[in-house]
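Step one of this worksheet: look at the structure below.
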Amino acid sequence: MQIREQLENLVNDALKNAIDSGKLALDEMPEAALERPRDESNGDWASTVALRCAKQAKMNPRQIAEIIVGELPQNDLVASTEIAGPGFINLTLSPAVFQGVARIVRTEKGDFGKGEIPAGESFVNLEYVSANPTGPMHVGHGRWATLGDAMARVMRHAGYDVYEEFYINDHGTQMDIFGTSVAVRYLQLLGHDVAMPENSYGGGYVKDIAQGIIDRDGDKWAAVEEAERMAAFRELAYHEMLQDMKDTLAGFGNHFECWFSERSLYVVGPDGTSPVTRSLASMDEKGYIYKKEGAVWFKSTAFGDEKDRVCIKENGEYTYFMSDVAYHYDKLERGFDHLINIWGADHHGYVKRCEAMLEAWGRPGALEVVLGQLVNLYRDGEAVRMSKRTGEMVTFKELIEEVGVDATRYLMLSRSSDQPIDFDIEAAKKKDASNPVYYVQYAHARICSILRRVAPEASVEAVAANTMTMDELSAQLIPLDTDLSRLVEPSELALMRTMSAFGELVTQAARDRAPFRLTHYAQDLAGTFHQFYTTCHVIGEDAELQAARLYLLDASRIVLAKSLDLLGVSAPTEM
RNA sequence: GCGCCAGUGGCUCAAUGGAUAGAGCAUCGGACUUCUAAUCCGACGGUUGUGGGUUCGAGUCCCGCCUGGCGCACCA
């Protein structure tokens with residue numbers, strides 16, 4: 001049982017005793033109202049129950065607190081209690097409780113802090129990045145790549161079954177424009193006098209693709225019909241861009257269960273239907289589809305949208321929105337309980353109509369859109385323009401190459417997604433105290449360094465050669481049943497106290513879709529460790545103390561590594 | 001005009017409605033013959049944009065205003 005639950009039971013028992021004995025006049029049992037005080041001097045846990053029920057009981061909250069404390073049953077959790085401020089009940093736990101946490105960490109290892117999600121909420125489709133395959137990923141996409149990946153990791157640890165998906169917009173006019181752009185560049189490179197059309201893609205990569213075609217095929221495409229050339233180049237360029245994105249994302253550590261093609265929504269199956277026709281028919285059945293001015297409309301205003309939306313244009317073409325209708329319908333058909341989309345804040349105007357379609361199908365709330373604010377790129381304080389036209393933009397791939405995966409991820413995750421990020425390339429490259437990712441990684445490396453000191457040489461070499469993991473090394477060095485009763489120093493207790501908060505933090509970060517909280521936690525834990533490191537020596541202490549501290553070190557290592565892992569950041573064993 | 005997001009020390013950010021609003025950077029002052037100084041300790045720094053409201057209690061919730069970002073297509 002979690003510490004919180006055990007404490008809740010204690011407080012509840014005390015309340016019950018107080019009410020039964022008539023010392024407290026309350027109509028109903030209040031909540032135990034436990035929380036972790038921000039300030040350590042206010043104990044390990046605190047209850048605000050006395051403050052909350054003062055009015056109903058018509059008593060001074062401090063008096064109520066005294067009654068509750070007096071009724072607390074005997075237990076071996078709480079070492080001392082204190083009534084503070086207006087009526088807080090502060091509980092300080094016994095060192096044994098925290099020593100127990102360290103023991104759990106080393107027993108559960110990477111599973112420490114795992115949560116369980118109630119059935120029916122568990123199967124989640126998480127769609128993110130979904131960059132158009134008409135150009136390389138830019139830095140903004142990188143934020144979604146980082147956020148989505150971390151969210152998936154955190155949610156999985158919290159007990160969700162997360163299915164990561166990338167939606168490929170490979171259908172529609174943008175693809176044709178892309179094909180045309182490549183075709184024009186191709187002809188220009190061959191010396192033809194053709195101008196780029198108005199809305200074309202002018203980035204340098206388009207020319208690179210065209211040059212690639214020349215290198216392979218020479219001028220053979222100059223002779224074929226324009227439409228055929230466009231179509232051929234479109235497919236070629238599309239696959240090149242898609243592959244580029246797949247490579248970039250794989251190199252960044254992302255993994256998608258599914259790369260979903262928009263085109264597949266239009267493929268008619270043996271039963272004569274497609275996701276497009278099925279989704280439209282399903283809305284029609286419910287009466288939310290109508291015709292007006294030659295177009296087919298979805299009555300999204302029925303669900304609070306500001307205007308109805310066109311599904312099929314007057315000219316018979318499907319809108320992009322229609323694809324999304326079909327896409328979300330398809331997700332439901334695939335059996336997901338819950339759909340999460342990560343979008344840039346510039347798409348927020350699109351949210352309502354998508355929520356509306358889910359409501360039309362009788363699944364209100366099934367779609368959750370996480371809107372993230374955008375990334376502003378700087379170099380030494382100077383804004384870096386990101387324009388596809390001028391070709392001046394920094395692609396995400398270039399950013400990773402210059403800054404590195406770990407620093408990029410950490411910085412992208414270091415603030416709430418509804419906060420814009422000013423990403424300074426030069427600042428991100430700094431390998432000093434101003435870059436928190438190294439602070440955390442350094443704590444991990446320091447621990448590993450101590451463990452190596454007490455390990456047999458053969459094992460140290462095996463770890464260096466990657467034939468042995470740190471977990472295996474520590475299992476060899478530190479017995480699970482080590483006596484931990486010597487761990488009572490403030491910095492030792494602080495370390496274990498911080499570890500004890502991990503599970504709840506993961507649950508909350510998952511619930512709030514806020515993996516950035518893990519960066520704060522990791523920094524907090526690393527800081528607590530660095531403090532311990534300067535206060536407490538490990539090697540050379542008497543045998544029992546050294547053994548207990550090695551145990552504590554290893555538990556810290558495990559939780560640090562897990563925190564970094566949930567962020568997708570590596571935990572180096574030396575730096 | 002309407003809508004969404006934000007506004008917290010010089011800078012970057014925290015704070016399930018809880019206590020004296022916390023960290024880091026920067027600045028200044030200390031700590032390496034001892035397990036990695038990419039570290040630690042200390043000092044300086046605040047009317048949480050603004051005016052009301054809700055309550056035992058507001059940075060947090062509600063309303064107005066100010067400032068900034070983004071969006072308001074039969075584009076994708």
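Identifiers in this document derive from the order of the structure tokens: chains are assigned A, B, ..., residues are numbered from 1 separately in each chain, and ligands are numbered from 1 in order of occurrence.
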TODO: Could the residues of chain A within 8 Å of chain B, counting only C-alpha atoms (C1' of nucleotides), be given as a PyMOL selection string, please?
DONE: chain A and resi 48+51-52+54-55+85-86+88+172-174+295+310+312-314+319-320+345-349+373+415+418-419+431-434+438-439+442+446+449-450+453+520+530-531+534+537-539
Keeping N, CA and C atoms, export the residues of the selection given above as a compact mmCIF listing (two decimals), in the first residue's frame.
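Saved to again17.txt:
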# COMPACT_ATOMS: atom_id res chain seq x y z
N THR A 48 -4.95 19.09 5.94
CA THR A 48 -5.63 20.37 6.13
C THR A 48 -7.07 20.16 6.58
N LEU A 51 -8.70 22.65 8.94
CA LEU A 51 -9.05 23.93 8.34
C LEU A 51 -10.34 23.82 7.54
N ARG A 52 -10.46 22.68 6.89
CA ARG A 52 -11.61 22.49 6.00
C ARG A 52 -12.93 22.35 6.75
N ALA A 54 -13.60 23.38 9.90
CA ALA A 54 -13.75 24.28 11.05
C ALA A 54 -15.12 24.95 11.07
N LYS A 55 -15.55 25.37 9.89
CA LYS A 55 -16.81 26.10 9.81
C LYS A 55 -17.98 25.20 10.24
N GLY A 85 0.65 26.75 12.22
CA GLY A 85 -0.08 27.79 11.52
C GLY A 85 -1.53 27.83 11.96
N PRO A 86 -2.44 28.06 11.04
CA PRO A 86 -3.85 28.19 11.39
C PRO A 86 -4.51 26.87 11.81
N PHE A 88 -2.82 23.44 10.48
CA PHE A 88 -2.24 22.32 9.73
C PHE A 88 -1.82 21.22 10.69
N GLY A 172 -4.22 15.13 -51.64
CA GLY A 172 -4.71 16.49 -51.80
C GLY A 172 -3.77 17.40 -52.57
N THR A 173 -4.19 18.65 -52.66
CA THR A 173 -3.54 19.59 -53.56
C THR A 173 -2.12 19.96 -53.14
N GLN A 174 -1.83 19.96 -51.82
CA GLN A 174 -0.48 20.33 -51.41
C GLN A 174 0.56 19.39 -52.02
N ALA A 295 -22.49 22.24 -52.07
CA ALA A 295 -21.49 21.55 -51.24
C ALA A 295 -22.19 20.70 -50.18
N VAL A 310 -17.57 22.48 -44.40
CA VAL A 310 -17.74 21.80 -45.68
C VAL A 310 -16.95 20.49 -45.69
N ILE A 312 -17.57 18.14 -48.61
CA ILE A 312 -17.32 17.98 -50.04
C ILE A 312 -17.59 19.32 -50.72
N LYS A 313 -16.59 19.81 -51.43
CA LYS A 313 -16.69 21.11 -52.06
C LYS A 313 -17.65 21.08 -53.23
N GLU A 314 -18.01 22.28 -53.68
CA GLU A 314 -18.92 22.42 -54.81
C GLU A 314 -18.38 21.69 -56.04
N THR A 319 -12.71 17.99 -48.81
CA THR A 319 -11.87 18.95 -48.08
C THR A 319 -10.89 18.18 -47.20
N TYR A 320 -9.90 18.93 -46.71
CA TYR A 320 -8.96 18.36 -45.75
C TYR A 320 -9.70 17.91 -44.50
N ALA A 345 -0.27 25.47 -31.45
CA ALA A 345 -1.32 26.40 -31.03
C ALA A 345 -1.95 27.12 -32.22
N ASP A 346 -1.24 27.16 -33.35
CA ASP A 346 -1.80 27.83 -34.52
C ASP A 346 -2.97 27.04 -35.12
N HIS A 347 -3.19 25.82 -34.63
CA HIS A 347 -4.32 25.03 -35.12
C HIS A 347 -5.53 25.08 -34.19
N HIS A 348 -5.49 25.94 -33.19
CA HIS A 348 -6.53 25.83 -32.18
C HIS A 348 -7.93 26.09 -32.72
N GLY A 349 -8.00 26.88 -33.81
CA GLY A 349 -9.30 27.14 -34.41
C GLY A 349 -9.94 25.90 -35.01
N GLN A 373 2.32 25.58 -27.48
CA GLN A 373 2.78 26.86 -28.02
C GLN A 373 4.04 26.64 -28.86
N ARG A 415 9.69 23.20 -20.14
CA ARG A 415 8.58 24.03 -19.72
C ARG A 415 7.26 23.50 -20.24
N ASP A 418 2.01 24.71 -22.78
CA ASP A 418 1.27 25.91 -23.16
C ASP A 418 2.06 27.18 -22.86
N GLN A 419 3.34 27.00 -22.83
CA GLN A 419 4.26 28.13 -22.69
C GLN A 419 5.15 28.13 -23.93
N LYS A 431 27.93 23.49 -22.34
CA LYS A 431 28.02 22.32 -21.46
C LYS A 431 28.45 22.77 -20.08
N ASP A 432 27.69 23.69 -19.50
CA ASP A 432 28.04 24.17 -18.17
C ASP A 432 26.80 24.21 -17.29
N ALA A 433 26.94 24.88 -16.18
CA ALA A 433 25.88 24.88 -15.17
C ALA A 433 24.58 25.49 -15.68
N SER A 434 24.66 26.31 -16.75
CA SER A 434 23.44 26.94 -17.23
C SER A 434 22.57 25.95 -18.00
N TYR A 438 22.84 18.58 -18.03
CA TYR A 438 24.12 18.01 -17.58
C TYR A 438 24.17 17.88 -16.07
N TYR A 439 23.47 18.75 -15.40
CA TYR A 439 23.38 18.69 -13.94
C TYR A 439 22.79 17.34 -13.51
N TYR A 442 25.05 14.40 -14.72
CA TYR A 442 26.27 14.34 -13.92
C TYR A 442 26.03 13.61 -12.61
N ARG A 446 28.13 10.41 -11.54
CA ARG A 446 28.86 10.38 -10.26
C ARG A 446 28.55 9.10 -9.49
N SER A 449 30.21 6.21 -11.01
CA SER A 449 31.64 6.25 -10.74
C SER A 449 31.97 5.62 -9.39
N ILE A 450 31.17 5.91 -8.38
CA ILE A 450 31.40 5.31 -7.06
C ILE A 450 31.18 3.80 -7.13
N ARG A 453 34.06 2.05 -8.42
CA ARG A 453 35.18 2.00 -7.46
C ARG A 453 35.14 0.76 -6.57
N HIS A 520 11.63 18.89 -13.80
CA HIS A 520 11.79 19.54 -12.50
C HIS A 520 12.12 18.50 -11.43
N HIS A 530 23.43 15.56 -5.14
CA HIS A 530 24.69 16.31 -5.07
C HIS A 530 24.94 16.80 -3.64
N GLN A 531 23.85 17.16 -2.95
CA GLN A 531 23.98 17.57 -1.56
C GLN A 531 24.48 16.41 -0.70
N THR A 534 28.15 15.72 -1.17
CA THR A 534 29.11 16.58 -0.47
C THR A 534 29.06 16.39 1.05
N HIS A 537 30.16 10.77 2.94
CA HIS A 537 31.12 9.96 2.22
C HIS A 537 30.62 8.53 2.18
N VAL A 538 30.97 7.81 1.16
CA VAL A 538 30.49 6.43 1.04
C VAL A 538 31.63 5.44 1.25
N ILE A 539 32.63 5.56 0.38
CA ILE A 539 33.72 4.59 0.45
C ILE A 539 34.63 4.93 1.62
Open item on the list: Show me, as a list of chain:residue names, the residues that have an atom within 7 Å of Asp424 in chain A when counting only C-alpha atoms (C1' of nucleotides), minus same-chain residues fewer than 4 positions from it.
Closed with: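 Neighbouring residues, sequence-local ones excluded: A:Leu377, A:Tyr378, A:Arg379, A:Asp380, A:Gly381, A:Ala428.
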Out of range 193-314 of chain A, which residues get strand (DSSP E or B) from DSSP, as a PDB file with N, CA and C atoms, in the first residue's frame?
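See selection-v5.pdb below for the written result:
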ATOM      1  N   CYS A 258       2.566   3.311 -35.839  1.00  0.00           N
ATOM      2  CA  CYS A 258       1.842   3.377 -37.107  1.00  0.00           C
ATOM      3  C   CYS A 258       2.127   4.673 -37.833  1.00  0.00           C
ATOM      4  N   TRP A 259       2.432   4.565 -39.111  1.00  0.00           N
ATOM      5  CA  TRP A 259       2.527   5.729 -39.999  1.00  0.00           C
ATOM      6  C   TRP A 259       1.291   5.654 -40.869  1.00  0.00           C
ATOM      7  N   PHE A 260       0.332   6.502 -40.570  1.00  0.00           N
ATOM      8  CA  PHE A 260      -0.987   6.369 -41.186  1.00  0.00           C
ATOM      9  C   PHE A 260      -1.116   7.263 -42.407  1.00  0.00           C
ATOM     10  N   SER A 261      -1.384   6.643 -43.539  1.00  0.00           N
ATOM     11  CA  SER A 261      -1.480   7.384 -44.789  1.00  0.00           C
ATOM     12  C   SER A 261      -2.879   7.939 -45.004  1.00  0.00           C
ATOM     13  N   ILE A 289     -25.622  15.868 -41.636  1.00  0.00           N
ATOM     14  CA  ILE A 289     -25.069  16.182 -42.949  1.00  0.00           C
ATOM     15  C   ILE A 289     -26.164  16.803 -43.813  1.00  0.00           C
ATOM     16  N   TYR A 290     -25.842  17.895 -44.503  1.00  0.00           N
ATOM     17  CA  TYR A 290     -26.822  18.514 -45.398  1.00  0.00           C
ATOM     18  C   TYR A 290     -26.113  19.121 -46.592  1.00  0.00           C
ATOM     19  N   LYS A 291     -26.920  19.409 -47.651  1.00  0.00           N
ATOM     20  CA  LYS A 291     -26.362  20.025 -48.850  1.00  0.00           C
ATOM     21  C   LYS A 291     -26.786  21.479 -48.938  1.00  0.00           C
ATOM     22  N   LYS A 292     -25.842  22.322 -49.345  1.00  0.00           N
ATOM     23  CA  LYS A 292     -26.156  23.736 -49.507  1.00  0.00           C
ATOM     24  C   LYS A 292     -25.184  24.323 -50.517  1.00  0.00           C
ATOM     25  N   ALA A 295     -22.493  22.239 -52.071  1.00  0.00           N
ATOM     26  CA  ALA A 295     -21.495  21.554 -51.239  1.00  0.00           C
ATOM     27  C   ALA A 295     -22.190  20.698 -50.183  1.00  0.00           C
ATOM     28  N   VAL A 296     -21.414  19.754 -49.603  1.00  0.00           N
ATOM     29  CA  VAL A 296     -21.941  18.909 -48.531  1.00  0.00           C
ATOM     30  C   VAL A 296     -21.353  19.405 -47.216  1.00  0.00           C
ATOM     31  N   TRP A 297     -22.215  19.655 -46.246  1.00  0.00           N
ATOM     32  CA  TRP A 297     -21.805  20.288 -44.997  1.00  0.00           C
ATOM     33  C   TRP A 297     -22.026  19.381 -43.787  1.00  0.00           C
ATOM     34  N   PHE A 298     -21.163  19.585 -42.803  1.00  0.00           N
ATOM     35  CA  PHE A 298     -21.341  18.943 -41.493  1.00  0.00           C
ATOM     36  C   PHE A 298     -21.889  19.999 -40.541  1.00  0.00           C
ATOM     37  N   ARG A 309     -19.214  23.171 -41.326  1.00  0.00           N
ATOM     38  CA  ARG A 309     -17.988  22.944 -42.094  1.00  0.00           C
ATOM     39  C   ARG A 309     -18.267  22.120 -43.350  1.00  0.00           C
ATOM     40  N   VAL A 310     -17.567  22.481 -44.396  1.00  0.00           N
ATOM     41  CA  VAL A 310     -17.742  21.795 -45.678  1.00  0.00           C
ATOM     42  C   VAL A 310     -16.950  20.486 -45.688  1.00  0.00           C
ATOM     43  N   CYS A 311     -17.613  19.415 -46.125  1.00  0.00           N
ATOM     44  CA  CYS A 311     -16.945  18.113 -46.278  1.00  0.00           C
ATOM     45  C   CYS A 311     -16.596  17.861 -47.740  1.00  0.00           C
ATOM     46  N   ILE A 312     -17.573  18.140 -48.613  1.00  0.00           N
ATOM     47  CA  ILE A 312     -17.320  17.981 -50.040  1.00  0.00           C
ATOM     48  C   ILE A 312     -17.594  19.318 -50.723  1.00  0.00           C
TER      49      ILE A 312
END
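Interatomic distance, CA of Ala210 in chain A against CA of Arg185 in chain A: 6.1 Å.
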Task: C62 in chain B surroundings by only C-alpha atoms (C1' of nucleotides), 12 Å radius, close-in-sequence under 2 positions cut, as a PyMOL selection string - done: chain B and resi 52-54+58+64
TODO: Grab the CA of Gly269 in chain A to CA of Glu235 in chain A distance for me, in Å with one decimal place.
DONE: 22.9 Å
- [ ] Check the DSSP output for the backbone and give back, as an MDAnalysis selection string, the residues of range 96-330 of chain A in alpha helix (DSSP H).
- [x] chainID A and resid 96:108 139:157 173:189 204:217 226:252 275:285 320:330
Dump as a short mmCIF file (atom, residue, chain, number, x, y, z; two decimals), in the first residue's frame, selection limited to C-alpha atoms:
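Listed below is the output, result-v4.cif:
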data_model
loop_
_atom_site.label_atom_id
_atom_site.label_comp_id
_atom_site.auth_asym_id
_atom_site.auth_seq_id
_atom_site.Cartn_x
_atom_site.Cartn_y
_atom_site.Cartn_z
CA ALA A 96 12.14 3.33 8.50
CA VAL A 97 9.34 4.41 6.16
CA PHE A 98 11.83 6.06 3.82
CA GLN A 99 14.30 3.24 4.13
CA GLY A 100 11.43 1.03 2.99
CA VAL A 101 11.07 3.21 -0.12
CA ALA A 102 14.73 2.71 -1.01
CA ARG A 103 14.19 -1.00 -0.64
CA ILE A 104 11.21 -0.94 -2.98
CA VAL A 105 13.21 1.00 -5.55
CA ARG A 106 15.95 -1.57 -5.65
CA THR A 107 13.47 -4.43 -5.75
CA GLU A 108 11.35 -3.00 -8.56
CA VAL A 139 12.11 23.00 -35.15
CA GLY A 140 8.47 23.34 -34.16
CA HIS A 141 7.84 19.75 -35.21
CA GLY A 142 10.77 18.85 -33.00
CA ARG A 143 8.92 20.10 -29.98
CA TRP A 144 5.97 17.81 -30.78
CA ALA A 145 8.32 14.92 -31.42
CA THR A 146 9.84 15.45 -27.99
CA LEU A 147 6.59 16.09 -26.20
CA GLY A 148 4.74 13.20 -27.80
CA ASP A 149 7.49 10.73 -27.12
CA ALA A 150 7.86 11.80 -23.49
CA MET A 151 4.12 11.80 -23.04
CA ALA A 152 3.94 8.26 -24.35
CA ARG A 153 6.73 7.16 -22.04
CA VAL A 154 5.23 8.83 -18.98
CA MET A 155 1.73 7.59 -19.74
CA ARG A 156 2.95 4.04 -20.25
CA HIS A 157 4.72 4.14 -16.92
CA THR A 173 -3.54 19.59 -53.56
CA GLN A 174 -0.48 20.33 -51.41
CA MET A 175 1.09 17.13 -52.69
CA ASP A 176 0.42 18.19 -56.26
CA ILE A 177 1.92 21.59 -55.64
CA PHE A 178 4.97 19.88 -54.18
CA GLY A 179 5.28 17.68 -57.28
CA THR A 180 4.94 20.71 -59.52
CA SER A 181 7.58 22.60 -57.55
CA VAL A 182 10.07 19.77 -58.01
CA ALA A 183 9.20 19.53 -61.69
CA VAL A 184 9.78 23.24 -62.27
CA ARG A 185 13.12 23.15 -60.45
CA TYR A 186 14.07 20.11 -62.51
CA LEU A 187 13.39 21.92 -65.76
CA GLN A 188 15.14 25.05 -64.53
CA LEU A 189 18.24 23.05 -63.63
CA GLY A 204 16.47 24.79 -51.19
CA TYR A 205 15.62 21.15 -50.53
CA VAL A 206 13.25 21.18 -53.52
CA LYS A 207 16.17 21.99 -55.78
CA ASP A 208 18.20 19.24 -54.09
CA ILE A 209 15.50 16.71 -54.86
CA ALA A 210 15.38 17.87 -58.48
CA GLN A 211 19.16 17.63 -58.74
CA GLY A 212 18.97 14.11 -57.32
CA ILE A 213 16.58 13.14 -60.09
CA ILE A 214 18.94 14.59 -62.69
CA ASP A 215 21.83 12.67 -61.16
CA ARG A 216 19.87 9.42 -61.45
CA ASP A 217 17.74 9.86 -64.56
CA GLU A 226 3.65 17.74 -67.69
CA ALA A 227 1.00 15.91 -65.67
CA GLU A 228 2.92 12.66 -65.81
CA ARG A 229 6.13 14.39 -64.76
CA MET A 230 4.39 16.10 -61.87
CA ALA A 231 2.83 12.84 -60.68
CA ALA A 232 6.09 10.93 -60.91
CA PHE A 233 8.05 13.64 -59.12
CA ARG A 234 5.36 14.02 -56.52
CA GLU A 235 5.65 10.36 -55.57
CA LEU A 236 9.39 10.43 -55.65
CA ALA A 237 9.73 13.58 -53.61
CA TYR A 238 7.06 12.48 -51.17
CA HIS A 239 8.85 9.24 -50.40
CA GLU A 240 12.16 11.00 -50.07
CA MET A 241 10.73 13.49 -47.60
CA LEU A 242 8.90 10.80 -45.66
CA GLN A 243 12.05 8.75 -45.41
CA ASP A 244 13.92 11.81 -44.27
CA MET A 245 11.39 12.38 -41.49
CA LYS A 246 11.47 8.72 -40.50
CA ASP A 247 15.26 8.81 -40.27
CA THR A 248 15.27 12.05 -38.32
CA LEU A 249 12.69 10.80 -35.84
CA ALA A 250 14.35 7.42 -35.42
CA GLY A 251 17.65 9.15 -34.77
CA PHE A 252 15.92 11.29 -32.18
CA PRO A 275 -13.42 5.26 -44.10
CA VAL A 276 -14.50 8.38 -45.96
CA THR A 277 -17.84 6.99 -47.07
CA ARG A 278 -18.47 5.19 -43.79
CA SER A 279 -17.75 8.22 -41.63
CA LEU A 280 -19.88 10.45 -43.80
CA ALA A 281 -22.74 7.95 -43.83
CA SER A 282 -22.54 7.64 -40.08
CA MET A 283 -22.96 11.38 -39.64
CA ASP A 284 -25.71 11.45 -42.25
CA GLU A 285 -27.64 8.77 -40.36
CA TYR A 320 -8.96 18.36 -45.75
CA PHE A 321 -11.53 18.36 -42.99
CA MET A 322 -13.27 15.40 -44.64
CA SER A 323 -10.04 13.46 -44.40
CA ASP A 324 -9.90 14.24 -40.72
CA VAL A 325 -13.49 13.13 -40.25
CA ALA A 326 -12.64 9.83 -41.88
CA TYR A 327 -9.37 9.56 -39.99
CA HIS A 328 -10.93 9.99 -36.58
CA TYR A 329 -13.73 7.64 -37.50
CA ASP A 330 -11.13 5.11 -38.50
#
Can you pull out every residue within 9 Å of Glu66 in chain A, counting only C-alpha atoms (C1' of nucleotides), but drop anything in the same chain fewer than 4 positions away, and send it as a short mmCIF file (atom, residue, chain, number, x, y, z; two decimals) with C-alpha atoms, in the first residue's frame?
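Heads up, here's the output in result-v9.cif:
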data_model
loop_
_atom_site.label_atom_id
_atom_site.label_comp_id
_atom_site.auth_asym_id
_atom_site.auth_seq_id
_atom_site.Cartn_x
_atom_site.Cartn_y
_atom_site.Cartn_z
CA ALA A 50 -9.01 20.77 10.47
CA PRO A 61 -9.22 24.75 13.52
CA ARG A 62 -6.25 24.40 15.85
CA GLY A 70 -5.09 12.96 20.03
CA GLU A 71 -7.18 10.31 18.32
CA ILE A 83 0.03 21.47 14.78
CA GLY A 87 -4.43 24.46 11.94
CA ILE A 89 -1.50 18.85 11.05
#
Task: Distance of CA of Asp542 in chain A from CA of Met575 in chain A, expressed in Å to one decimal place - done: 28.7 Å
Open item on the list: I want to know what sits within 12 Å of Ala14 in chain A, based on only C-alpha atoms (C1' of nucleotides), with residues of the same chain fewer than 6 positions away left out; could you give that as an NGL selection string?
Closed with: :A and (7-8 or 20-21 or 23-24 or 29-32 or 49-50 or 64-75)
